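Engineer: Pasting in a structure now, in structure tokens, and then I'll have a few things to ask.
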Amino acid sequence: MTYYTSRRRILGFTSCLALMGSLMVAGNSHASTSTPGSAFKDDSASQKARPAPLPTSLHFWDALALEPQDAWSRLSEAFQWQADADHPRVQHWIEHYRQSPHNIAEITERARPWLAWITERVEERQLPGEIALIPFIESSFDPTARSHVGATGLWQFMPGTGNALGLHRGGGYDGRLDVARSTHAALDYIEMQADQWYEGDIELSLAAYNAGAGNVNRARSAALAQGKAGSYWDLDLPRETMAYVPKLIAISTIIADPERYGVALPEIEAEPAVAEVPVTRSLALGEAAQLAGVSRSELEELNPGLLGNRADPRRVTRLLVPAESATQMVARLRSDTPDRATALGQNDVYVVRRGDSLSAIASRHSVTLAELARWNGIERPDALQPGQQLTLSGS
């Protein structure tokens, strides 16, 4: 079966071609990690056998209470690809994953802070719920994961692809590690490729997400030349890409019926545990944590893209905070005076001058070279540019 986006975006012709050209050059190589959801909703059957009406003595809210929803059941309701669960390639991965149920439990536990929030973003776009499980196979739901080829973050973006999608690096920030921003970028990328190249076919877009659109387009042309339909299941692709969609369906099949496969999923609330708060001014992390009413360590865990000690609105547009803290933080930010906002942290920033080196700056400010590079997300110390702003403290 083939599945399509539920909407089409109107992209400016010039900007669309420019962005897609950048992405085609950048590609997107991923480091797959191990491990696995399944109730196929038969709409035709539901039309034939309608459920019996509730007894008149049972009130509406009582009926809802009979089936409390958690994050897993909410996600399962959004699955759209369970009709393919019996495909041999999917069954291969179901058997693979069911051999190590403890690995599934470990990874799904790691998904706790993000799962409901990501599911909500996928629901908003009316995408198949299986998309929310891409971080399962990309990064094992570790937002700080880095592959040996340079892919980084929950969604494992390569530097070039990240740059093309606006996931910038530098100045104490790496957008690929930013859970909120990288999630929006990944979903944009999947939808954009589906609409640009594959008439809205999400499965083909996922193949391109893994192997690059060039490889998928060539494989599709070859399949069409052989008289095939040119769907994902028809294509001859690299081994990792051939397994990509089957892995997603296998994982979703197990998650939809964990008892059948001997998997214990962690209890996760259906409502998102985190919320986005706009960054309206430069914020030291300690101050941001205080405004949100959380510890600094908790704020850092929710925002792994912040590599330094400050959220600069020129790079960091939003912070993730516990959902119950969001309203309080927004209110407190609005009540800040301009003088206070301007005065905070001016001594913690250094503007690079011509002739500066990272080691000299580190020595001048009594910090180690490694610390200075880490706080500012610098991978090449020799690539400093005049005017570049560096944070000088990790506290």
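Residues are referred to by chain and number: the chain letter is A, B, ... according to the order shown in the structure tokens, the number counts from 1 in that chain, and ligands are numbered separately from 1 in the order shown.
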Identify all residues of range 23-252 of chain A in helix (DSSP H, G or I) (DSSP on the backbone) and supply them as a ChimeraX atom specification.

Structural biologist: /A:23-26,43-48,60-65,71-77,82-84,88-98,101-110,115-124,129-139,159-164,179-197,202-211,213-225,232-234,239-242,244-252

Engineer: Give me the residues near Asn210 in chain A as a PyMOL selection string, where near means some atom within 12 Å (using only C-alpha atoms) and where sequence neighbours in that chain fewer than 3 positions away do not count.

Structural biologist: chain A and resi 27-32+134+137-138+151+155-158+161+186+189-190+193+203-207+213-216+237-245

Engineer: Please list as a ChimeraX atom specification every residue within 9 Å of His92 in chain A, counting only C-alpha atoms and excluding residues in the same chain fewer than 5 positions away.

Structural biologist: /A:87,97,246-247,250

Engineer: Restricting the calculation to only C-alpha atoms: of A:Ser182, A:Gly162, A:Pro266, A:Pro258, which residue gets closest to Glu109 in chain A?

Structural biologist: A:Pro266

Engineer: Got a sec: who's within 9 Å of Ala85 in chain A, counting only C-alpha atoms, leaving out chain neighbours fewer than 4 positions off, as a PyMOL selection string?

Structural biologist: chain A and resi 38+40+81+89-91+94+246+249-250+253

Engineer: Using N, CA and C atoms, can you write the selected residues to a file as a PDB file, in the first residue's frame?

Structural biologist:
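Wrote out.pdb, looks like this:
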ATOM      1  N   SER A  38       0.545  -2.716  16.923  1.00  0.00           N
ATOM      2  CA  SER A  38       0.131  -3.443  15.771  1.00  0.00           C
ATOM      3  C   SER A  38      -1.321  -3.504  15.618  1.00  0.00           C
ATOM      4  N   PHE A  40      -4.248  -3.380  13.465  1.00  0.00           N
ATOM      5  CA  PHE A  40      -4.692  -2.857  12.174  1.00  0.00           C
ATOM      6  C   PHE A  40      -6.163  -2.524  12.268  1.00  0.00           C
ATOM      7  N   TRP A  81       0.103   2.209   8.884  1.00  0.00           N
ATOM      8  CA  TRP A  81       0.790   1.253   8.021  1.00  0.00           C
ATOM      9  C   TRP A  81       0.688  -0.185   8.519  1.00  0.00           C
ATOM     10  N   ARG A  89       9.353  -8.746   4.834  1.00  0.00           N
ATOM     11  CA  ARG A  89      10.434  -7.883   5.318  1.00  0.00           C
ATOM     12  C   ARG A  89      10.106  -7.300   6.682  1.00  0.00           C
ATOM     13  N   VAL A  90       8.829  -7.038   6.935  1.00  0.00           N
ATOM     14  CA  VAL A  90       8.416  -6.549   8.247  1.00  0.00           C
ATOM     15  C   VAL A  90       8.491  -7.675   9.268  1.00  0.00           C
ATOM     16  N   GLN A  91       8.024  -8.863   8.888  1.00  0.00           N
ATOM     17  CA  GLN A  91       8.060  -9.998   9.802  1.00  0.00           C
ATOM     18  C   GLN A  91       9.485 -10.345  10.218  1.00  0.00           C
ATOM     19  N   ILE A  94      10.232  -7.938  12.994  1.00  0.00           N
ATOM     20  CA  ILE A  94       9.465  -8.257  14.199  1.00  0.00           C
ATOM     21  C   ILE A  94      10.156  -9.378  14.951  1.00  0.00           C
ATOM     22  N   PRO A 246      10.371  -1.171   6.854  1.00  0.00           N
ATOM     23  CA  PRO A 246      10.017  -2.394   7.597  1.00  0.00           C
ATOM     24  C   PRO A 246      10.342  -2.314   9.086  1.00  0.00           C
ATOM     25  N   ILE A 249       7.597  -0.212  10.765  1.00  0.00           N
ATOM     26  CA  ILE A 249       6.337  -0.938  10.894  1.00  0.00           C
ATOM     27  C   ILE A 249       6.471  -2.043  11.937  1.00  0.00           C
ATOM     28  N   ALA A 250       7.624  -2.692  11.975  1.00  0.00           N
ATOM     29  CA  ALA A 250       7.838  -3.752  12.964  1.00  0.00           C
ATOM     30  C   ALA A 250       7.790  -3.197  14.383  1.00  0.00           C
ATOM     31  N   THR A 253       4.245  -2.255  15.246  1.00  0.00           N
ATOM     32  CA  THR A 253       3.434  -3.455  15.466  1.00  0.00           C
ATOM     33  C   THR A 253       3.615  -3.977  16.885  1.00  0.00           C
TER      34      THR A 253
END

Engineer: Please identify every residue of range 199-285 of chain A that has at least one atom no farther than 7 Å from an atom of range 291-311 of chain A, counting only C-alpha atoms, and for each give the shortest atom pair and the distance in Å to one decimal, arranged by chain then increasing number, as a Markdown table.

Structural biologist:
| residue | atom | partner | partner_atom | distance |
| --- | --- | --- | --- | --- |
| A:Ser282 | CA | A:Ala311 | CA | 5.7 |
| A:Leu283 | CA | A:Ala311 | CA | 5.1 |
| A:Ala284 | CA | A:Arg310 | CA | 4.3 |
| A:Leu285 | CA | A:Arg310 | CA | 5.3 |

Engineer: Would you give me, as a ChimeraX atom specification, the residues in range 194-295 of chain A that DSSP reads as strand (DSSP E)?

Structural biologist: /A:274-278,283-284

Engineer: Report as CSV: every residue of range 213-309 of chain A with an atom at most 9 Å from range 110-115 of chain A, its closest pair of atoms, and their distance in Å to one decimal, counting only C-alpha atoms, with rows sorted by chain and ascending residue number.

Structural biologist:
residue,atom,partner,partner_atom,distance
A:Pro266,CA,A:Arg112,CA,7.8
A:Glu267,CA,A:Arg112,CA,8.4
A:Ile268,CA,A:Arg112,CA,6.3
A:Glu269,CA,A:Arg112,CA,8.9
A:Ala270,CA,A:Leu115,CA,9.0
A:Pro272,CA,A:Trp114,CA,7.5
A:Ala273,CA,A:Pro113,CA,6.1
A:Val274,CA,A:Pro113,CA,7.1
A:Leu302,CA,A:Pro113,CA,7.9

Engineer: Restricting it to N, CA, C and O atoms, dump the selection as a tab-separated table (two decimals), in the first residue's frame.

Structural biologist:
chain	number	residue	atom	x	y	z
A	266	PRO	N	7.13	1.48	29.25
A	266	PRO	CA	7.01	2.36	30.41
A	266	PRO	C	5.71	3.15	30.37
A	266	PRO	O	5.17	3.42	29.29
A	267	GLU	N	5.19	3.50	31.53
A	267	GLU	CA	3.97	4.30	31.59
A	267	GLU	C	4.31	5.75	31.27
A	267	GLU	O	5.11	6.38	31.96
A	268	ILE	N	3.70	6.28	30.21
A	268	ILE	CA	3.92	7.66	29.78
A	268	ILE	C	2.57	8.31	29.55
A	268	ILE	O	1.71	7.75	28.86
A	269	GLU	N	2.38	9.48	30.13
A	269	GLU	CA	1.11	10.19	29.99
A	269	GLU	C	0.84	10.55	28.53
A	269	GLU	O	1.77	10.81	27.75
A	270	ALA	N	-0.44	10.62	28.17
A	270	ALA	CA	-0.82	10.94	26.80
A	270	ALA	C	-0.53	12.39	26.45
A	270	ALA	O	-0.21	12.72	25.31
A	272	PRO	N	1.66	15.83	26.37
A	272	PRO	CA	3.10	16.09	26.35
A	272	PRO	C	3.64	16.55	27.69
A	272	PRO	O	3.00	17.35	28.39
A	273	ALA	N	4.81	16.07	28.03
A	273	ALA	CA	5.46	16.44	29.28
A	273	ALA	C	6.22	17.75	29.14
A	273	ALA	O	6.65	18.32	30.15
A	274	VAL	N	6.43	18.21	27.90
A	274	VAL	CA	7.20	19.43	27.66
A	274	VAL	C	6.40	20.38	26.78
A	274	VAL	O	5.44	19.98	26.11
A	302	LEU	N	16.58	18.93	28.82
A	302	LEU	CA	15.50	19.15	27.86
A	302	LEU	C	15.96	19.93	26.64
A	302	LEU	O	15.27	19.92	25.61
